[in-house]
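Participant: Just dropping this structure here.
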Amino acid sequence: MSVTKETVIERLKTVSGPDFSGNIVDLGMISEIFIADGKVFFSITVPAARAQQMEPLRAAADRVVKAIPGVTGAVVTLTAEKKGGGMEASVPPRPAPSAPAHRPAGAAPHAQHPAPASRASGKRGVPGIEAIIAVASGKGGVGKSTTAVNIALGLAANGLKVGVLDADIYGPSMPRLLGIRGRPESADGKILKPLENYGVKAMSMGFLVDEETPMIWRGPMVISALTQMLREVEWGQLDVLVVDMPPGTGDAQLTMAQQVPLAGAVIVSTPQDLALIDARKGLNMFKKVDVPLLGIVENMSYFVAPDTGKRYDIFGHGGARREAERLGVTFLGEVPLEMGIRESSDAGRPVVAVKPDGPEAGIYRAIAAKVWERLQEEKGAAAAATPAIVFE
C-alpha cells in the first residue's frame with residue numbers, strides 16, 4: 001500500500017500545537033513532506049527559545065506517522081528558526097553509549113564524560129567521538145568522496161576507531177564506495193545504528209532512500225537531516241569521525257562548519273587553476289568560522305600510462321602544493337589519476353581496504369598519517385592556548 005502526502009497531513013492534523021492551540025499542520029509548522037520507499041521525512045518548525053521543550057510534540061508526530069499503514073519508518077526532526085541556523089538548538093542531546101567500545105592495545109582510553117565543546121563557542125560535542133574532521137572541496141568532480149573514504153580507511157589501518165558521515169544529502173556516495181547495502185536499524189525507534197564495512201562505521205542518506213531517488217529538499221530540511229545523522233546515531237567510541245562534506249560553500253556547508261565541533265578540515269583539489277579557485281573558497285570558509293585547516297590534497301595529480309610507464313600531467317601538476325605553500329597550509333600529498341582507484345571505488349572495494357600493500361593504498365595511508373599528526377598539533381595548540389588557573 002503506497003503512502004501519500006495527503007494521508008500524512010491528515011494524520012498530522014491530530015497532533016496539537018504548542019500549548020494545545022490548534023494543530024501543527026494548520027499552524028504552519030510542517031515542512032515539505034518527502035516520501036521514499038515507504039519512509040516519511042519532514043521537519044517541524046518551532047520557536048528557537050522553546051526548542052528543547054518541543055521533543056514531546058516531535059515524538060507525537062513521529063508516532064502518528066509510523067502508525068499509518070504502509071509506512072516503514074519516519075525521520076521527524078525539529079527545526080528552530082534562529083540566526084546562524086537552528087542546528088544546535090533543534091535536537092536535544094542524546095545520552096552517551098552505555099558501554100565503551102573495545103580499543104586497540106596500547107591506545108589511550110577514552111574519557112568517560114561528554115565530548116568537549118569545540119574551540120569555537122556554541123558548538124556541542126558528540127559523546128564518544130574524540131575528533132570530527134571535514135573533507136571538503138570548493139566544487140564537485142574532484143574526487144572528494146573517494147579521498148574521504150580512503151583517508152578514513154587509512155586512519156583505521158593505522159589503528160584508530162573510525163566512522164564516516166556522508167553529509168552530501170543530494171549526492172550520497174558512501175553506500176557505493178564502501179559496498180554497503182541495507183537500512184540502518186534502531187533499537188528504540190529514535191537512535192539509529194550505523195552500518196559498517198572494512199572496520200569503518202558509516203551513516204548516509206543513501207542508506208535511507210533508494211539510490212535513484214532525488215532529494216528535493218530546502219535548506220532547513222537538509223540541516224535537520226544532517227543533525228539527526230550526526231547526533232541521533234549510536235556511533236559508540238570513535239577516535240575520528242570523517243565527514244564527507246557536500247561540494248561547494250553553500251548554506252548546508254556553512255551551517256555544518258558553524259555548528260559542528262570540527263577539529264579540522266582537509267581540502268581536496270585537482271591541480272588546475274579553475275579547481276584551485278574554488279578550493280580557496282572552501283579554505284576561506286573554514287578560516288572564517290575558526291576551523292583549523294589540516295591541509296590540502298592534490299587529487300588526480302598525474303597519470304602514468306600502464307602500457308608505456310610514461311607520466312602525463314593531464315590537469316597540470318603541483319598547483320595544490322604551491323597553493324598550500326602560498327597560504328602556509330600543510331600539503332598532505334598527491335594522489336595519481338589511477339584507473340585502479342576508479343574501478344575499485346565503483347565496485348565498493350576501496351584500494352586501502354582491498355589492496356593495502358599497493359602503491360595507491362600507501363599514498364592514502366601516508367596522507368591519513370599526516371592528517372592524524374596535524375590533528376594532534378592542533379589539539380596541542382588549543383590546549384596551550386587555554387589559560388591555566390593557579391590557586392595560591
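How things are named: the first chain in the C-alpha cells is A, the next is B, and so on; residues count from 1 in each chain; ligands count from 1 in the order shown.
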So which residues touch segment 326-333 of chain A within 7 Å, counting only C-alpha atoms, skipping near sequence neighbours fewer than 2 positions away, as a PyMOL selection string?

Facilitator: chain A and resi 293-298+321-324+335+367+370

Participant: Using backbone DSSP assignments, extract all strand (DSSP E) residues from segment 120-318 of chain A; output them as an MDAnalysis selection string.

Facilitator: chainID A and resid 129:136 162:166 195:197 200:204 238:244 262:269 293:298 303:304 311:312

Participant: Output C-alpha atoms for every residue in the selection just made, as a short mmCIF file (atom, residue, chain, number, x, y, z; two decimals), in the first residue's frame.

Facilitator:
data_model
loop_
_atom_site.label_atom_id
_atom_site.label_comp_id
_atom_site.auth_asym_id
_atom_site.auth_seq_id
_atom_site.Cartn_x
_atom_site.Cartn_y
_atom_site.Cartn_z
CA ILE A 129 33.70 10.91 19.41
CA GLU A 130 37.13 12.33 20.13
CA ALA A 131 37.56 14.34 16.92
CA ILE A 132 35.42 15.24 13.89
CA ILE A 133 37.16 16.24 10.68
CA ALA A 134 35.67 17.51 7.43
CA VAL A 135 36.85 16.50 3.97
CA ALA A 136 35.69 19.26 1.65
CA VAL A 162 36.87 5.50 12.66
CA GLY A 163 33.42 6.44 11.38
CA VAL A 164 32.27 8.21 8.21
CA LEU A 165 29.32 10.61 7.99
CA ASP A 166 28.14 11.18 4.42
CA LEU A 195 26.18 0.30 9.11
CA GLU A 196 29.74 -0.99 8.88
CA ASN A 197 32.23 -2.43 6.40
CA VAL A 200 34.59 1.58 9.48
CA LYS A 201 31.14 2.69 10.71
CA ALA A 202 29.08 4.77 8.30
CA MET A 203 25.86 6.74 8.09
CA SER A 204 24.44 8.19 4.88
CA LEU A 238 35.44 6.70 17.89
CA ASP A 239 38.84 8.31 17.64
CA VAL A 240 37.84 10.12 14.43
CA LEU A 241 34.61 10.78 12.57
CA VAL A 242 35.33 11.75 8.95
CA VAL A 243 32.60 13.96 7.46
CA ASP A 244 32.34 13.84 3.67
CA LEU A 262 35.06 20.26 13.73
CA ALA A 263 38.61 19.58 14.88
CA GLY A 264 39.89 20.40 11.41
CA ALA A 265 39.27 20.35 7.68
CA VAL A 266 41.00 18.70 4.72
CA ILE A 267 40.60 20.38 1.33
CA VAL A 268 40.67 18.25 -1.85
CA SER A 269 41.53 19.86 -5.18
CA LEU A 293 42.96 23.70 8.23
CA LEU A 294 44.67 20.32 8.41
CA GLY A 295 45.96 20.50 4.86
CA ILE A 296 45.37 20.17 1.12
CA VAL A 297 45.32 17.00 -1.00
CA GLU A 298 46.09 17.21 -4.72
CA PHE A 303 48.67 9.92 -14.84
CA VAL A 304 51.12 7.10 -15.59
CA ARG A 311 53.83 10.13 -16.98
CA TYR A 312 51.28 12.72 -18.16
#

Participant: DSSP on the backbone, then: every residue of segment 137-296 of chain A marked alpha helix (DSSP H), written as an NGL selection string.

Facilitator: :A and (144-157 or 174-177 or 219-231 or 251-259 or 273-288)

Participant: Which distance in Å separates atom CA of Ser2 of chain A and atom CA of Val64 of chain A, to one decimal?

Facilitator: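 Between these atoms lies a distance of 16.5 Å.
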
Participant: If I take atom CA of Gly38 of chain A and atom CA of Thr72 of chain A, how far is one from the other in Å, to one decimal?

Facilitator: 5.1 Å

Participant: My list of candidates is A:Glu338, A:Gly199, A:Gly348, A:Met54. Which is closest to Leu155 of chain A when distances are computed with only C-alpha atoms?

Facilitator: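 The answer is A:Gly199, which sits nearest to Leu155 of chain A.
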
Participant: My list of candidates is A:Ile223, A:Leu57, A:Ala320, A:Ala384. Which is closest to Leu276 of chain A when distances are computed with only C-alpha atoms?

Facilitator: A:Ala320

Participant: For the atom pair atom CA of Ala369 of chain A and atom CA of Ala381 of chain A, what is the interatomic distance in Å to one decimal place?

Facilitator: 18.5 Å
